[in-house]
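*Asks:* A single structure is presented below for examination.
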Amino acid sequence: ETVMRGCYTHRRIMSRLAMELISEGKDKKAQEVLAYAQKMLPTYNVPNSYSSGSMDMARAFAALGQKQQAMDVIKDMWRNSSQYMYYYTTLDANRFHMSENDALMHFYILQQLSNLAQSVDEKWADQHLMELQALAKRFEDKGGNLGY
């Protein structure tokens with residue numbers, strides 16, 4: 001667990017570095033950083049997740065026009081957070097309310113992924129927006145409050 005947190009920190013730092021390089025117009029360097037991060041922190045060892053900086057990695061790939069790589073990260077993160085949302089909405093009322101903040105975090109991640117996917121693959125994003133709306137309904141039907 002300690003090693004995994006260290007790996008997440010390294011991916012997060014490298015993703016932010018790539019984003020900063022892109023903002024400075026150093027796209028080639030940003031591509032090198034992302035390639036190195038993928039080589040040294042492969043997803044089969046360090047799964048894509050919000051806490052690992054994968055959202056910034058997907059944003060960087062999208063900004064560089066590497067749509068397939070961006071969608072690979074988006075899909076991994078979507079699968080993870082949507083599975084959590086489905087799980088939380090199957091809990092009994094007491095356990096659901098104890099887990100409500102965790103569920104809200106995954107709902108927020110799904111919203112961010114949906115927004116990012118709109119600029120990368122609009123068709124995929126539109127299809128998954130319907131899933132997000134269904135998850136929101138399940139969450140609210142269970143007694144959760146999305147705050148809007």
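FYI, nothing fancy with the structure tokens labels: chains A, B, ... in order, residues from 1 per chain, ligands from 1 as they appear.
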Could you build a table of the residues in range 56-99 of chain A lying no more than 12 Å from range 31-51 of chain A, giving for each the nearest pair of atoms and their separation in Å rounded to one decimal place, using only C-alpha atoms, ordered by chain and ascending residue number, as JSON lines?

*Replies:*
```
{"residue": "A:Asp56", "atom": "CA", "partner": "A:Tyr50", "partner_atom": "CA", "distance": 8.7}
{"residue": "A:Met57", "atom": "CA", "partner": "A:Leu34", "partner_atom": "CA", "distance": 7.4}
{"residue": "A:Ala58", "atom": "CA", "partner": "A:Asn48", "partner_atom": "CA", "distance": 9.9}
{"residue": "A:Arg59", "atom": "CA", "partner": "A:Leu34", "partner_atom": "CA", "distance": 11.2}
{"residue": "A:Ala60", "atom": "CA", "partner": "A:Leu34", "partner_atom": "CA", "distance": 8.2}
{"residue": "A:Phe61", "atom": "CA", "partner": "A:Leu34", "partner_atom": "CA", "distance": 8.1}
{"residue": "A:Ala62", "atom": "CA", "partner": "A:Gln31", "partner_atom": "CA", "distance": 11.2}
{"residue": "A:Ala63", "atom": "CA", "partner": "A:Gln31", "partner_atom": "CA", "distance": 10.5}
{"residue": "A:Leu64", "atom": "CA", "partner": "A:Gln31", "partner_atom": "CA", "distance": 7.7}
{"residue": "A:Gly65", "atom": "CA", "partner": "A:Gln31", "partner_atom": "CA", "distance": 10.5}
{"residue": "A:Gln66", "atom": "CA", "partner": "A:Gln31", "partner_atom": "CA", "distance": 9.4}
{"residue": "A:Gln69", "atom": "CA", "partner": "A:Leu34", "partner_atom": "CA", "distance": 10.2}
{"residue": "A:Ala70", "atom": "CA", "partner": "A:Leu34", "partner_atom": "CA", "distance": 11.1}
{"residue": "A:Met71", "atom": "CA", "partner": "A:Asn48", "partner_atom": "CA", "distance": 11.8}
{"residue": "A:Asp72", "atom": "CA", "partner": "A:Asn48", "partner_atom": "CA", "distance": 9.5}
{"residue": "A:Val73", "atom": "CA", "partner": "A:Asn48", "partner_atom": "CA", "distance": 6.5}
{"residue": "A:Ile74", "atom": "CA", "partner": "A:Asn48", "partner_atom": "CA", "distance": 8.7}
{"residue": "A:Lys75", "atom": "CA", "partner": "A:Asn48", "partner_atom": "CA", "distance": 9.4}
{"residue": "A:Asp76", "atom": "CA", "partner": "A:Asn48", "partner_atom": "CA", "distance": 6.3}
{"residue": "A:Met77", "atom": "CA", "partner": "A:Ser49", "partner_atom": "CA", "distance": 5.6}
{"residue": "A:Trp78", "atom": "CA", "partner": "A:Ser49", "partner_atom": "CA", "distance": 9.2}
{"residue": "A:Arg79", "atom": "CA", "partner": "A:Ser49", "partner_atom": "CA", "distance": 10.1}
{"residue": "A:Asn80", "atom": "CA", "partner": "A:Ser49", "partner_atom": "CA", "distance": 7.7}
{"residue": "A:Ser81", "atom": "CA", "partner": "A:Ser49", "partner_atom": "CA", "distance": 8.7}
```

*Asks:* With distances taken over only C-alpha atoms, which residue among A:Val120, A:Met4, A:Ile13, A:Gln112 lies nearest Met55 in chain A?

*Replies:* A:Gln112

*Asks:* CA of Gly147 in chain A to CA of Tyr108 in chain A: how many Å, to one decimal?

*Replies:*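 About the pair CA of Gly147 in chain A and CA of Tyr108 in chain A: they are 11.4 Å apart.
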
*Asks:* For the helix (DSSP H, G or I) assignment from backbone DSSP, which residues of chain A qualify? Please present them as JSON, numbers by chain.

*Replies:* {"A": [2, 3, 4, 5, 6, 7, 8, 9, 10, 11, 12, 13, 14, 15, 16, 17, 18, 19, 20, 21, 22, 23, 27, 28, 29, 30, 31, 32, 33, 34, 35, 36, 37, 38, 39, 40, 50, 51, 52, 54, 55, 56, 57, 58, 59, 60, 61, 62, 63, 67, 68, 69, 70, 71, 72, 73, 74, 75, 76, 77, 78, 79, 80, 81, 82, 83, 84, 85, 86, 87, 88, 93, 94, 95, 96, 97, 98, 100, 101, 102, 103, 104, 105, 106, 107, 108, 109, 110, 111, 112, 113, 114, 115, 116, 117, 118, 119, 120, 122, 123, 124, 125, 126, 127, 128, 129, 130, 131, 132, 133, 134, 135, 136, 137, 138, 139, 140, 141]}

*Asks:* Work out how far CA of Leu135 in chain A is from CA of Ser114 in chain A, in Å to one decimal.

*Replies:* 13.1 Å

*Asks:* Just want the 12 Å neighbourhood of range 131-134 of chain A, counted on only C-alpha atoms, with same-chain residues fewer than 5 positions away dropped. Output as a list in words.

*Replies:*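 Residues meeting the cut-off are Trp78, Arg79, Ser81, Ser82, Gln83, Met85, Tyr86, Thr89, His106, Phe107, Tyr108, Ile109, Leu110, Gln111, Gln112, Leu113, Ser114, Asn115, Trp124, Ala125, Asp126, Phe139, Glu140, Asp141 and Leu146 of chain A.
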